Amino acid sequence: MSKTMEPDLKSPLGGTHNEAAGKEWRHPSDNLLRGFILDNRAALGTLAVFIVMMALFMIANPTVFTTWYLYSSVLTTLPVALFVVVPLVFVVTCGEIDLSFPATMGFASWVFALVVQAGYDPFLGIAAAIATGTLLGFLVGSLVVYGGLSSLIATLGMNFLLRGLIQIINEGRSTALTGLADSWAYKIFSSQLYGIPVQIFWAIGFVVLSALLYNRHRFGAQVKVVGDNPDSAQQMGIDVKRVRVKVFVFVGIGAAIAGTFSVMINFTWWPTAGDGYLLPVLASVFVGGTPTWGGIGTVVGGAIGAVTVSFIQTGVVAAGLSGFYVQFFNGLIIILSLLGHKWNQARYR
Amino acid sequence: MAERIIELRDISKSYGQVYALGGVNLSVDRGEVVGLIGDNGAGKSTLIKILSGVVKPTSGEILVRGKPVTGWSAARSRDAGIETVFQDRALAVQQTIVRNIFMGRELTGWLGWLKVNKEIEEASRLMREIGFTSKVFTPHSIVGQLSGGERQGVAIARAIYKKAELIVLDEPTTALSLTETAKVFHFVRQVRASGRSILFIGHNIHHVFDIADRFVVLDRGKVAFTAGRSEVKSAEDLINFMEDLAHPGGLPGLHEAGDAGRAAR
């Protein structure tokens, strides 16, 4: 018997010691602060990267980085990314990938634009958009899961297919939604509160709720187990296919909300809506510290990753470098983050 | 006599022309540790797959607490209180001990939110019940950080949840060091002390000999030998018997070779 496994000789076998249970465990993580750091090391690592990056930007150009306008513009567009980054953390944790979300954003926001243009209340438009996103997510998920296809290729195909469908029907025409600014929905979802874009509050709420779903809900628990060891999950009675479809549905819902928010920012729906988000959103998930192999991940880290990626573009230009540097810095941050996470996380097999 | 939890009578299984099992009888009483020994290909795996309902026998009868059962299946097996810990250990190694114990049967309350404290409490209770306690890990520890024997402990703790009466351990000590094997034995003894039965499958005779109340030796799909602990004097007896099985009539110098092999172990 090794020192780490001393048999509990004093306790009567099969006796009742329920009250004492849970109190006799001693572990480094019993120390609250250390436990917090151990449990959230990926997210904290991402936060460190973000802080260092921002510090460098501020040293490079203190005047621009202390003006509110810069932050205000980031806070307007960042929420759109957050609504897809967070569900994608679930997908990647589940051992899958979804590249079809840009088209789902475009498709759902198109439905929103159609409903609003037809003169209905924007709230109805939002509901219709979310229903569309749910349906598309279910479609993509079922195709991957029940069709037994590789999610990487199948979702890429669905992205082209859905985007193509939008382009065919609209023939490149955009839809202007001029009446939107006077609606209640706009005031609630897209105005400003004390100079802060109100979208960010909704996005933070979404991140918090999703983090709870991930860590404190049966859904999150099953997503992690399925991503970790699908055979074992199956053996223990988890409907693995159902869980996998659910994560795609979650992305569909997130993409629908994101698409709707982006239309409300611009008062216009473009047939290309959502296209620009593909790579930054994917990068955010991995910059945030969710590994590619499935089973573990971090919602909060993903959110911080999205903030980091949003600030790279704004920051590089504001720091006085030419726009040509943006791509280079994007790549640099991604690579440095991945190296950092590799060093920070152990992979258990 | 103790209650008979399960009895397999004259079980046969053939895959096409190939006989995996040809008329096997096996029974487990309450509170008993039965060691099932056999070489590779003897039919051990097929037999436990039948016991856990994953594979259906070609012919034969299954009795649960003395009553014949029809339509034997994985669900029936579980209902009868049989939990199998499969060889590949079926754990999600990047998750915590708690998440593994409650895999697929999370304790949830309102709208599916986890009852985190209740789960920890239950997990602690299960782990204590099999003597799986330590100062270096908690129910929150990641399974990947545990040693092989400790991982078996997680699998056993998971198996005894939900009033399991017979735990089937499929080669739980294969590929484990001596210390780790000792840990698994410790869990097994605790499980037996709690009144549950165990079917311990192995091909390392020494491992099975140390733990079992009764031995069943399987050879080429048939029970070649069955004996209580008191009837077998030593592990060497069993080894000699198994070697005679493998090489009927005996080969010169065979037993010496067996002893040498054991000494090297």
# chains A, B, ... in the order shown; residues from 1 in each chain; ligands from 1
>>> interface_residues(of="chain B", to="chain A", cutoff="7 Å", atoms="only C-alpha atoms", output="CSV table (one decimal) with C-alpha atoms, in the first residue's frame")
chain,number,residue,atom,x,y,z
B,90,ALA,CA,-14.4,3.3,-19.5
B,91,LEU,CA,-13.5,6.5,-17.6
B,92,ALA,CA,-13.5,10.0,-19.0
B,93,VAL,CA,-9.9,10.8,-17.8
B,94,GLN,CA,-10.1,14.6,-18.3
B,103,MET,CA,-21.8,9.9,-15.7
B,104,GLY,CA,-25.1,9.6,-17.4
B,106,GLU,CA,-26.2,13.3,-12.9
B,112,GLY,CA,-31.5,20.1,-14.9
B,113,TRP,CA,-29.1,22.2,-12.9
B,114,LEU,CA,-26.6,20.0,-11.1
B,120,ILE,CA,-19.8,15.4,-3.8
B,121,GLU,CA,-21.5,14.1,-0.7
B,124,SER,CA,-17.4,10.8,-1.0
B,125,ARG,CA,-19.7,8.2,0.6
B,129,GLU,CA,-17.4,2.6,1.3
B,131,GLY,CA,-11.9,2.4,1.2
B,133,THR,CA,-9.7,7.7,0.5
B,134,SER,CA,-6.6,9.7,0.4
B,135,LYS,CA,-5.0,12.9,1.5
B,136,VAL,CA,-3.8,13.8,-1.9
B,137,PHE,CA,-7.0,13.8,-3.9
B,138,THR,CA,-10.6,14.7,-3.5
B,144,GLY,CA,-6.1,11.5,-15.4
B,179,THR,CA,1.3,-1.5,-5.3
B,182,ALA,CA,-2.8,-4.0,-3.8
B,183,LYS,CA,-5.0,-1.0,-4.0
B,193,ALA,CA,-17.3,-6.5,3.4
B,194,SER,CA,-20.3,-4.4,2.4
>>> select_by_dssp(residues="region 185-299 of chain A", states="helix (DSSP H, G or I)", output="PyMOL selection string")
chain A and resi 185-190+199-216+218-228+230-235+240-266+275-287+299
>>> closest_residue(among="B:Gly195, B:Pro172, B:Gly148, B:Gly221", to="Asp10 (chain B)", atoms="only C-alpha atoms")
B:Gly221
>>> closest_residue(among="A:Ser72, A:Asn40, A:Asn330, A:Thr260", to="Ala306 (chain A)", atoms="only C-alpha atoms")
A:Asn330
>>> atom_distance(atom1="CA of Ser151 (chain A)", atom2="CA of Gly45 (chain A)")
28.6 Å
>>> residues_around(residues="Ile257 (chain A)", least_positions_apart="5", cutoff="10 Å", atoms="only C-alpha atoms", output="count of residues only")
16
>>> atom_distance(atom1="CA of Asp121 (chain A)", atom2="CA of Phe206 (chain A)")
23.2 Å
>>> residues_around(residues="Ile204 (chain A)", least_positions_apart="6", cutoff="12 Å", atoms="only C-alpha atoms", output="number ranges by chain")
A: 75, 78-83, 86, 198, 210-211, 299-300, 303-304, 307
>>> write_last_selection(atoms="C-alpha atoms", output="PDB file, in the first residue's frame")
ATOM      1  CA  LEU A  75     -18.061  47.024 -27.332  1.00  0.00           C
ATOM      2  CA  LEU A  78     -17.726  42.381 -29.779  1.00  0.00           C
ATOM      3  CA  PRO A  79     -21.148  41.068 -28.593  1.00  0.00           C
ATOM      4  CA  VAL A  80     -21.887  39.713 -32.069  1.00  0.00           C
ATOM      5  CA  ALA A  81     -18.762  37.554 -31.838  1.00  0.00           C
ATOM      6  CA  LEU A  82     -19.483  36.514 -28.238  1.00  0.00           C
ATOM      7  CA  PHE A  83     -22.848  35.021 -29.156  1.00  0.00           C
ATOM      8  CA  VAL A  86     -19.506  30.704 -26.533  1.00  0.00           C
ATOM      9  CA  VAL A 198     -26.277  48.045 -24.421  1.00  0.00           C
ATOM     10  CA  SER A 210     -23.534  29.692 -20.739  1.00  0.00           C
ATOM     11  CA  ALA A 211     -20.697  29.364 -18.248  1.00  0.00           C
ATOM     12  CA  VAL A 299     -16.491  29.483 -21.723  1.00  0.00           C
ATOM     13  CA  VAL A 300     -15.070  32.476 -19.872  1.00  0.00           C
ATOM     14  CA  ALA A 303     -15.099  35.170 -24.105  1.00  0.00           C
ATOM     15  CA  ILE A 304     -11.775  36.738 -23.095  1.00  0.00           C
ATOM     16  CA  VAL A 307     -12.178  40.360 -26.500  1.00  0.00           C
TER      17      VAL A 307
END
>>> select_by_dssp(residues="region 11-228 of chain B", states="strand (DSSP E or B)", output="PyMOL selection string")
chain B and resi 11-15+18-29+33-38+59-64+67-68+82-85+96+108+113-114+142+166-170+197-202+214-219+222-228
>>> write_last_selection(atoms="C-alpha atoms", output="PDB file, in the first residue's frame")
ATOM      1  CA  ILE B  11     -24.405 -21.775 -21.290  1.00  0.00           C
ATOM      2  CA  SER B  12     -23.172 -22.191 -24.856  1.00  0.00           C
ATOM      3  CA  LYS B  13     -22.169 -19.576 -27.335  1.00  0.00           C
ATOM      4  CA  SER B  14     -21.038 -20.120 -30.867  1.00  0.00           C
ATOM      5  CA  TYR B  15     -20.020 -17.614 -33.471  1.00  0.00           C
ATOM      6  CA  VAL B  18     -16.651 -21.539 -33.780  1.00  0.00           C
ATOM      7  CA  TYR B  19     -17.586 -22.485 -30.231  1.00  0.00           C
ATOM      8  CA  ALA B  20     -16.596 -19.826 -27.711  1.00  0.00           C
ATOM      9  CA  LEU B  21     -18.409 -21.516 -24.841  1.00  0.00           C
ATOM     10  CA  GLY B  22     -19.661 -25.067 -24.684  1.00  0.00           C
ATOM     11  CA  GLY B  23     -21.918 -25.689 -21.715  1.00  0.00           C
ATOM     12  CA  VAL B  24     -20.582 -23.553 -18.884  1.00  0.00           C
ATOM     13  CA  ASN B  25     -22.040 -23.528 -15.360  1.00  0.00           C
ATOM     14  CA  LEU B  26     -21.243 -20.602 -13.129  1.00  0.00           C
ATOM     15  CA  SER B  27     -22.898 -19.242 -10.029  1.00  0.00           C
ATOM     16  CA  VAL B  28     -22.181 -16.474  -7.550  1.00  0.00           C
ATOM     17  CA  ASP B  29     -23.533 -16.360  -3.997  1.00  0.00           C
ATOM     18  CA  VAL B  33     -15.635 -13.375  -4.385  1.00  0.00           C
ATOM     19  CA  VAL B  34     -15.370 -15.753  -7.297  1.00  0.00           C
ATOM     20  CA  GLY B  35     -12.134 -15.802  -9.260  1.00  0.00           C
ATOM     21  CA  LEU B  36     -12.577 -16.682 -12.903  1.00  0.00           C
ATOM     22  CA  ILE B  37      -9.275 -17.760 -14.384  1.00  0.00           C
ATOM     23  CA  GLY B  38      -8.441 -18.766 -17.880  1.00  0.00           C
ATOM     24  CA  SER B  59     -28.282 -21.864 -25.520  1.00  0.00           C
ATOM     25  CA  GLY B  60     -28.523 -22.259 -21.763  1.00  0.00           C
ATOM     26  CA  GLU B  61     -30.421 -20.927 -18.793  1.00  0.00           C
ATOM     27  CA  ILE B  62     -29.922 -17.890 -16.590  1.00  0.00           C
ATOM     28  CA  LEU B  63     -31.347 -17.813 -13.059  1.00  0.00           C
ATOM     29  CA  VAL B  64     -31.559 -14.690 -10.930  1.00  0.00           C
ATOM     30  CA  LYS B  67     -35.695 -17.929 -10.714  1.00  0.00           C
ATOM     31  CA  PRO B  68     -35.198 -18.535 -14.438  1.00  0.00           C
ATOM     32  CA  ILE B  82     -25.078  -6.799 -11.890  1.00  0.00           C
ATOM     33  CA  GLU B  83     -22.590  -4.056 -12.704  1.00  0.00           C
ATOM     34  CA  THR B  84     -19.654  -4.747 -14.968  1.00  0.00           C
ATOM     35  CA  VAL B  85     -16.380  -2.837 -14.858  1.00  0.00           C
ATOM     36  CA  THR B  96     -13.272  14.845 -12.170  1.00  0.00           C
ATOM     37  CA  THR B 108     -30.047  17.274 -10.921  1.00  0.00           C
ATOM     38  CA  TRP B 113     -29.100  22.157 -12.861  1.00  0.00           C
ATOM     39  CA  LEU B 114     -26.613  19.960 -11.055  1.00  0.00           C
ATOM     40  CA  ILE B 142      -9.141  14.833 -12.356  1.00  0.00           C
ATOM     41  CA  LEU B 166     -22.650  -8.301  -8.046  1.00  0.00           C
ATOM     42  CA  ILE B 167     -19.676  -6.411  -9.390  1.00  0.00           C
ATOM     43  CA  VAL B 168     -17.976  -8.036 -12.357  1.00  0.00           C
ATOM     44  CA  LEU B 169     -14.349  -6.940 -12.652  1.00  0.00           C
ATOM     45  CA  ASP B 170     -12.834  -7.756 -16.019  1.00  0.00           C
ATOM     46  CA  SER B 197     -20.470 -10.199  -4.423  1.00  0.00           C
ATOM     47  CA  ILE B 198     -17.626  -9.981  -6.879  1.00  0.00           C
ATOM     48  CA  LEU B 199     -16.692 -11.915  -9.961  1.00  0.00           C
ATOM     49  CA  PHE B 200     -13.006 -11.260 -10.428  1.00  0.00           C
ATOM     50  CA  ILE B 201     -11.632 -12.161 -13.830  1.00  0.00           C
ATOM     51  CA  GLY B 202      -7.942 -12.496 -14.439  1.00  0.00           C
ATOM     52  CA  ARG B 214     -13.694 -19.777  -4.913  1.00  0.00           C
ATOM     53  CA  PHE B 215     -11.932 -20.436  -8.206  1.00  0.00           C
ATOM     54  CA  VAL B 216     -13.358 -21.322 -11.555  1.00  0.00           C
ATOM     55  CA  VAL B 217     -10.886 -22.252 -14.246  1.00  0.00           C
ATOM     56  CA  LEU B 218     -12.093 -21.874 -17.790  1.00  0.00           C
ATOM     57  CA  ASP B 219     -10.372 -23.707 -20.602  1.00  0.00           C
ATOM     58  CA  LYS B 222     -15.510 -25.234 -20.701  1.00  0.00           C
ATOM     59  CA  VAL B 223     -15.178 -25.121 -16.935  1.00  0.00           C
ATOM     60  CA  ALA B 224     -12.092 -27.235 -16.384  1.00  0.00           C
ATOM     61  CA  PHE B 225     -11.921 -26.947 -12.624  1.00  0.00           C
ATOM     62  CA  THR B 226     -13.782 -25.363  -9.766  1.00  0.00           C
ATOM     63  CA  ALA B 227     -12.789 -25.347  -6.122  1.00  0.00           C
ATOM     64  CA  GLY B 228     -13.250 -23.466  -2.882  1.00  0.00           C
TER      65      GLY B 228
END
